[in-house]
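First comes the structure, then the notes that go with it.
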Amino acid sequence: MTGPRLSLAQIRNRMILTARTVLRQHRPDQHGDCRLCRTRDCRVASAARAVLRAAGDGDPGDQGGAGSRPG
């Protein structure tokens with residue numbers, strides 16, 4: 001379902017799913033560079049992590065920072 005009839009929980013869930021997808025696509029290679037952007041500090045991945053922190057979902061790659069879930 002799309003449009004203005006989405007609940008806040010549905011919007012939050014879609015943002016989380018999108019951010020997780022972005023993080024999978026922009027994960028670093030063995031040298032620490034983004035596979036798509038080919039930069040050390042990928043702005044896209046940073047933005048996706050910020051979305052997860054703001055949504056209170058945490059990030060599996062986040063080292064226990066604010067908003068991350070334990071274990």
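In the structure tokens, chains take letters A, B, ... by order of appearance, with residues numbered from 1 within each chain and ligands from 1 in the order shown.
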Which residues, written as a compact mmCIF listing (two decimals) with N, CA and C atoms, in the first residue's frame, have at least one atom at most 12 Å from Ile16 in chain A, with only C-alpha atoms counted and residues fewer than 6 positions away on the same chain left out?
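Ended up saving to result_10.txt:
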```txt
# COMPACT_ATOMS: atom_id res chain seq x y z
N ALA A 9 3.93 3.72 11.87
CA ALA A 9 4.71 2.49 12.03
C ALA A 9 5.11 1.90 10.68
N GLN A 10 4.20 1.97 9.70
CA GLN A 10 4.53 1.46 8.36
C GLN A 10 5.61 2.31 7.70
N VAL A 22 20.34 -0.29 1.77
CA VAL A 22 21.44 0.61 1.38
C VAL A 22 22.74 0.15 2.04
N LEU A 23 22.68 -0.22 3.31
CA LEU A 23 23.90 -0.68 4.00
C LEU A 23 24.45 -1.96 3.40
N ALA A 47 24.55 8.03 6.06
CA ALA A 47 23.16 8.49 6.14
C ALA A 47 22.23 7.34 6.52
N ALA A 48 22.46 6.16 5.97
CA ALA A 48 21.63 5.00 6.30
C ALA A 48 21.78 4.62 7.78
N ARG A 49 23.00 4.69 8.30
CA ARG A 49 23.21 4.42 9.73
C ARG A 49 22.50 5.46 10.59
N ALA A 50 22.51 6.71 10.15
CA ALA A 50 21.82 7.77 10.89
C ALA A 50 20.31 7.53 10.91
N VAL A 51 19.76 7.05 9.80
CA VAL A 51 18.33 6.73 9.75
C VAL A 51 18.01 5.62 10.74
N LEU A 52 18.84 4.59 10.79
CA LEU A 52 18.61 3.49 11.73
C LEU A 52 18.71 3.95 13.18
N ARG A 53 19.69 4.80 13.46
CA ARG A 53 19.80 5.33 14.83
C ARG A 53 18.59 6.17 15.18
N ALA A 54 18.15 7.03 14.26
CA ALA A 54 17.00 7.90 14.52
C ALA A 54 15.71 7.08 14.70
N ALA A 55 15.62 5.97 13.97
CA ALA A 55 14.44 5.11 14.07
C ALA A 55 14.49 4.23 15.31
N GLY A 56 15.64 4.24 16.00
CA GLY A 56 15.78 3.42 17.20
C GLY A 56 15.98 1.95 16.89
N ASP A 57 16.38 1.66 15.66
CA ASP A 57 16.56 0.26 15.27
C ASP A 57 17.98 -0.22 15.46
N GLY A 58 18.94 0.70 15.54
CA GLY A 58 20.33 0.30 15.65
C GLY A 58 20.86 -0.18 14.32
N ASP A 59 22.08 -0.61 14.30
CA ASP A 59 22.74 -1.06 13.08
C ASP A 59 23.66 -2.20 13.47
```
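Here CA of Asp33 in chain A is placed at a distance of 28.8 Å from CA of Arg12 in chain A.
Straight-line separation from CA of Pro4 in chain A to CA of Ala19 in chain A: 21.0 Å.
Between CA of Gln30 in chain A and CA of Ser46 in chain A the separation is 18.1 Å.
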Can you tell me which residues surround Arg27 in chain A at a distance of at most 10 Å, considering only C-alpha atoms, apart from same-chain residues fewer than 2 positions away, and format the answer as a list in words?
Val22, Leu23, Arg24, Gln25, Asp29, Gln30, Gly32, Asp33, Cys34, Arg35, Leu36, Cys37, Cys42, Ala45 and Gly61 of chain A
